[in-house]
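Trainee: One structure coming up, written as structure tokens, with questions to follow.
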Amino acid sequence: SMAFSPNNRHLAFGSSDKICRLWDTVNGEILLVMEGHTHWVRSVAFAPCGKQIASASDDSTIRLWNSETGECLFVLSGHKDIIWSVAYSADGWRLVSGSRDGTIRVWNPEIGAPKLSGHSNWVTTCTFSPDGLQIASGDVDGIIRLWEVNTNRSSSLRQELAAGVRTVTYSPDGLCIITHHEDKAVQCWESSTGASKSIPLSSARSGHTDWVHSVAYSPCGKWILSGSGDKTARLW
């Protein structure tokens with residue numbers, strides 16, 4: 001897993017060797033080596049301020065690191081299995097994590113880490129909406145759920161049989177969600193903030209001939225870029 005710092009000067013990288021590394025994107029120098037996890041590091045994320053890095057691991061923990069010194073600040077425990085995904089809220093005060101134990105946890109210094117149950121299988125991806133009021137998550141069964149952060153209530157955005165969800169991504173304005181799946185499909189959905197419901201904007205967009213590994217919105221929200229194992233990137 002990789003994540004750029006907010007100023008794009010640094011790249012955090014989590015690896016199967018249990019280590020997180022911080023790279024200088026200008027000269028390629030390794031600035032920090034952050035050790036502490038006892039298993040594969042599956043996901044990394046920068047705090048919006050750039051001063052902290054979160055890493056999630058197969059050892060069922062999340063570690064928070066000082067991005068300037070490499071010091072481990074906190075170890076967050078609670079999940080019972082591999083943690084596939086971790087993400088910060090836009091204000092940097094909360095973290096959301098999704099695990100193979102089928103649960104999502106929202107880590108908040110004021111209220112602890114409430115467990116959100118609703119998925120019936122591995123949670124592979126999760127993220128906050130830009131305004132921090134909603135969480136989108138996906139699982140290996142192809143189910144996408146939308147959670148109201150203030151109430152912990154959720155609704156299923158998709159019920160029919162589908163390929164597993166690899167990533168969920170909000171548009172910059174929070175009105176749309178992009179998902180990509182193990183069947184190579186990239187889909188666009190309309191999200192409703194404040195209402196536990198969402199509808200598809202379009203049917204599955206195809207074109208890739210191998211797994212889609214990543215999708216991202218342009219800052220203006222008008223374009224979507226998808227990258228695939230077929231060695232191509234597509235602009236939608």
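Residues are named by chain letter and number: chains run A, B, ... in the order of the structure tokens, numbers start at 1 in each chain, and ligands are numbered from 1 in the order shown.
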Which residues of range 63-127 of chain A come within 8 Å of range 164-176 of chain A, and what is each one's closest atom pair and distance in Å (one decimal), counting only C-alpha atoms, sorted by chain and residue number, as a tab-separated table?

Mentor:
```
residue	atom	partner	partner_atom	distance
A:Thr124	CA	A:Arg166	CA	6.2
A:Thr125	CA	A:Thr167	CA	5.4
A:Cys126	CA	A:Val168	CA	6.5
A:Thr127	CA	A:Val168	CA	6.9
```

Trainee: Rounded to one decimal place, report the CA of Asp210 in chain A-CA of Glu182 in chain A distance in Å.

Mentor: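 CA of Glu182 in chain A lies 8.8 Å from CA of Asp210 in chain A.
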
Trainee: Nearest residue to Ile224 in chain A out of A:Ser191, A:Gly14, A:Thr38, A:Val186, using only C-alpha atoms?

Mentor: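 Of A:Ser191, A:Gly14, A:Thr38, A:Val186, the one nearest Ile224 in chain A is A:Val186, counting only C-alpha atoms.
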
Trainee: Write out as a list of chain:residue names each polymer residue whose atoms come within 8 Å of Gly92 in chain A, counting only C-alpha atoms; drop sequence neighbours fewer than 6 positions from it.

Mentor: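 Counting only C-alpha atoms, the residues come to A:Ala47, A:Pro48, A:Cys49.
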
Trainee: Store the residues picked out above, limited to C-alpha atoms, as a compact mmCIF listing (two decimals), in the first residue's frame.

Mentor:
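As a result, out_32.txt now contains:
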```txt
# COMPACT_ATOMS: atom_id res chain seq x y z
CA ALA A 47 -3.27 12.59 8.14
CA PRO A 48 -4.51 15.75 6.36
CA CYS A 49 -1.95 17.82 8.28
```

Trainee: Using only C-alpha atoms, which of A:Val33, A:Val26, A:Leu95, A:Ile177 sits nearest Thr69 in chain A?

Mentor: A:Val33

Trainee: Extract, using only C-alpha atoms, all DNA, RNA and protein residues at most 10 Å from Lys51 in chain A, discarding same-chain residues fewer than 5 positions from it, and format them as a PDB file with N, CA and C atoms, in the first residue's frame.

Mentor:
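As written to disk, selection.pdb reads:
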```
ATOM      1  N   SER A   5       1.899  12.195   0.798  1.00  0.00           N
ATOM      2  CA  SER A   5       1.643  13.237   1.785  1.00  0.00           C
ATOM      3  C   SER A   5       0.805  14.332   1.133  1.00  0.00           C
ATOM      4  N   PRO A   6       0.127  15.159   1.934  1.00  0.00           N
ATOM      5  CA  PRO A   6      -0.713  16.225   1.358  1.00  0.00           C
ATOM      6  C   PRO A   6       0.031  17.165   0.415  1.00  0.00           C
ATOM      7  N   PHE A  46      -1.943   9.061   5.140  1.00  0.00           N
ATOM      8  CA  PHE A  46      -1.431  10.288   5.748  1.00  0.00           C
ATOM      9  C   PHE A  46      -2.578  11.053   6.388  1.00  0.00           C
ATOM     10  N   TRP A  65       2.127   6.909  13.412  1.00  0.00           N
ATOM     11  CA  TRP A  65       3.538   7.284  13.414  1.00  0.00           C
ATOM     12  C   TRP A  65       3.705   8.796  13.240  1.00  0.00           C
ATOM     13  N   ASN A  66       4.723   9.333  13.893  1.00  0.00           N
ATOM     14  CA  ASN A  66       5.143  10.706  13.638  1.00  0.00           C
ATOM     15  C   ASN A  66       5.888  10.713  12.305  1.00  0.00           C
ATOM     16  N   SER A  67       5.393  11.471  11.331  1.00  0.00           N
ATOM     17  CA  SER A  67       5.976  11.426   9.990  1.00  0.00           C
ATOM     18  C   SER A  67       7.300  12.174   9.888  1.00  0.00           C
ATOM     19  N   GLU A  68       7.687  12.879  10.956  1.00  0.00           N
ATOM     20  CA  GLU A  68       8.963  13.589  10.937  1.00  0.00           C
ATOM     21  C   GLU A  68      10.070  12.794  11.624  1.00  0.00           C
ATOM     22  N   THR A  69       9.693  12.019  12.662  1.00  0.00           N
ATOM     23  CA  THR A  69      10.701  11.286  13.431  1.00  0.00           C
ATOM     24  C   THR A  69      10.613   9.773  13.260  1.00  0.00           C
TER      25      THR A  69
END
```

Trainee: Tell me which of A:Ile53, A:Ala90, A:Val106, A:Leu11 sits closest to Gly78 in chain A, counting only C-alpha atoms.

Mentor: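 Closest to Gly78 in chain A, using only C-alpha atoms: A:Val106.
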
Trainee: Counting only C-alpha atoms, what is within 7 Å of Trp23 in chain A, bar same-chain residues fewer than 3 positions away, as a ChimeraX atom specification?

Mentor: /A:10-12,28-31

Trainee: With distances taken over only C-alpha atoms, which of A:Glu71, A:Ile178, A:Met2, A:Thr61 is nearest to Glu35 in chain A?

Mentor: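 Between A:Glu71, A:Ile178, A:Met2, A:Thr61, the residue approaching Glu35 in chain A most closely is A:Glu71.
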
Trainee: If we count only C-alpha atoms, what is near Met34 in chain A at a cut-off of 9 Å, once residues fewer than 4 positions away on the same chain are taken out, given as a PyMOL selection string?

Mentor: chain A and resi 19-22+65+70-72

Trainee: Atoms to include: N, CA and C atoms. Write the selected residues as a PDB file, in the first residue's frame.

Mentor:
```
ATOM      1  N   ILE A  19       7.239  -3.633   7.440  1.00  0.00           N
ATOM      2  CA  ILE A  19       7.849  -2.319   7.645  1.00  0.00           C
ATOM      3  C   ILE A  19       7.124  -1.245   6.843  1.00  0.00           C
ATOM      4  N   CYS A  20       7.032  -0.045   7.427  1.00  0.00           N
ATOM      5  CA  CYS A  20       6.575   1.149   6.711  1.00  0.00           C
ATOM      6  C   CYS A  20       7.794   2.016   6.414  1.00  0.00           C
ATOM      7  N   ARG A  21       7.855   2.517   5.205  1.00  0.00           N
ATOM      8  CA  ARG A  21       8.963   3.387   4.818  1.00  0.00           C
ATOM      9  C   ARG A  21       8.422   4.714   4.301  1.00  0.00           C
ATOM     10  N   LEU A  22       9.194   5.751   4.505  1.00  0.00           N
ATOM     11  CA  LEU A  22       8.839   7.073   3.996  1.00  0.00           C
ATOM     12  C   LEU A  22       9.905   7.502   3.002  1.00  0.00           C
ATOM     13  N   TRP A  65       2.127   6.909  13.412  1.00  0.00           N
ATOM     14  CA  TRP A  65       3.538   7.284  13.414  1.00  0.00           C
ATOM     15  C   TRP A  65       3.705   8.796  13.240  1.00  0.00           C
ATOM     16  N   GLY A  70       9.459   9.271  12.812  1.00  0.00           N
ATOM     17  CA  GLY A  70       9.258   7.832  12.704  1.00  0.00           C
ATOM     18  C   GLY A  70       8.844   7.177  14.003  1.00  0.00           C
ATOM     19  N   GLU A  71       8.634   7.980  15.040  1.00  0.00           N
ATOM     20  CA  GLU A  71       8.226   7.434  16.340  1.00  0.00           C
ATOM     21  C   GLU A  71       6.801   6.892  16.272  1.00  0.00           C
ATOM     22  N   CYS A  72       6.584   5.723  16.880  1.00  0.00           N
ATOM     23  CA  CYS A  72       5.235   5.175  16.986  1.00  0.00           C
ATOM     24  C   CYS A  72       4.515   5.868  18.136  1.00  0.00           C
TER      25      CYS A  72
END
```

Trainee: In Å, with one decimal, what is the gap from CA of Ala3 in chain A to CA of Val86 in chain A?

Mentor: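 Calculated distance between CA of Ala3 in chain A and CA of Val86 in chain A is 11.1 Å.
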
Trainee: Using only C-alpha atoms, which residues sit within 6 Å of range 40-42 of chain A once same-chain residues fewer than 4 positions away are excluded, as a PDB file with N, CA and C atoms, in the first residue's frame?

Mentor:
```pdb
ATOM      1  N   SER A   1       0.838  -1.191   0.000  1.00  0.00           N
ATOM      2  CA  SER A   1       0.000   0.000   0.000  1.00  0.00           C
ATOM      3  C   SER A   1       0.875   1.244   0.000  1.00  0.00           C
ATOM      4  N   GLY A  14       3.803   0.727   2.673  1.00  0.00           N
ATOM      5  CA  GLY A  14       3.688  -0.412   3.576  1.00  0.00           C
ATOM      6  C   GLY A  14       3.929  -1.695   2.814  1.00  0.00           C
ATOM      7  N   SER A  15       4.612  -2.649   3.444  1.00  0.00           N
ATOM      8  CA  SER A  15       5.085  -3.810   2.702  1.00  0.00           C
ATOM      9  C   SER A  15       4.840  -5.119   3.446  1.00  0.00           C
ATOM     10  N   SER A  16       5.033  -6.221   2.708  1.00  0.00           N
ATOM     11  CA  SER A  16       4.890  -7.556   3.288  1.00  0.00           C
ATOM     12  C   SER A  16       6.021  -7.876   4.258  1.00  0.00           C
ATOM     13  N   LYS A  18       6.640  -6.231   6.841  1.00  0.00           N
ATOM     14  CA  LYS A  18       6.177  -5.704   8.137  1.00  0.00           C
ATOM     15  C   LYS A  18       6.627  -4.263   8.402  1.00  0.00           C
ATOM     16  N   ALA A  56      -2.060  -0.020   8.766  1.00  0.00           N
ATOM     17  CA  ALA A  56      -2.915  -1.132   9.186  1.00  0.00           C
ATOM     18  C   ALA A  56      -2.280  -2.434   8.726  1.00  0.00           C
ATOM     19  N   SER A  57      -2.391  -3.458   9.571  1.00  0.00           N
ATOM     20  CA  SER A  57      -1.601  -4.659   9.336  1.00  0.00           C
ATOM     21  C   SER A  57      -2.393  -5.950   9.510  1.00  0.00           C
ATOM     22  N   ASP A  58      -1.801  -7.027   9.003  1.00  0.00           N
ATOM     23  CA  ASP A  58      -2.338  -8.366   9.228  1.00  0.00           C
ATOM     24  C   ASP A  58      -2.236  -8.775  10.694  1.00  0.00           C
ATOM     25  N   TRP A  84      -7.708  -4.571   6.351  1.00  0.00           N
ATOM     26  CA  TRP A  84      -7.456  -4.346   4.935  1.00  0.00           C
ATOM     27  C   TRP A  84      -7.317  -2.868   4.577  1.00  0.00           C
TER      28      TRP A  84
END
```

Trainee: Running DSSP on the backbone, which parts of range 54-146 of chain A land in strand (DSSP E or B), as a PyMOL selection string?

Mentor: chain A and resi 54-57+61-66+72-77+83-88+95-99+103-108+112+115-117+123-128+134-139+144-146
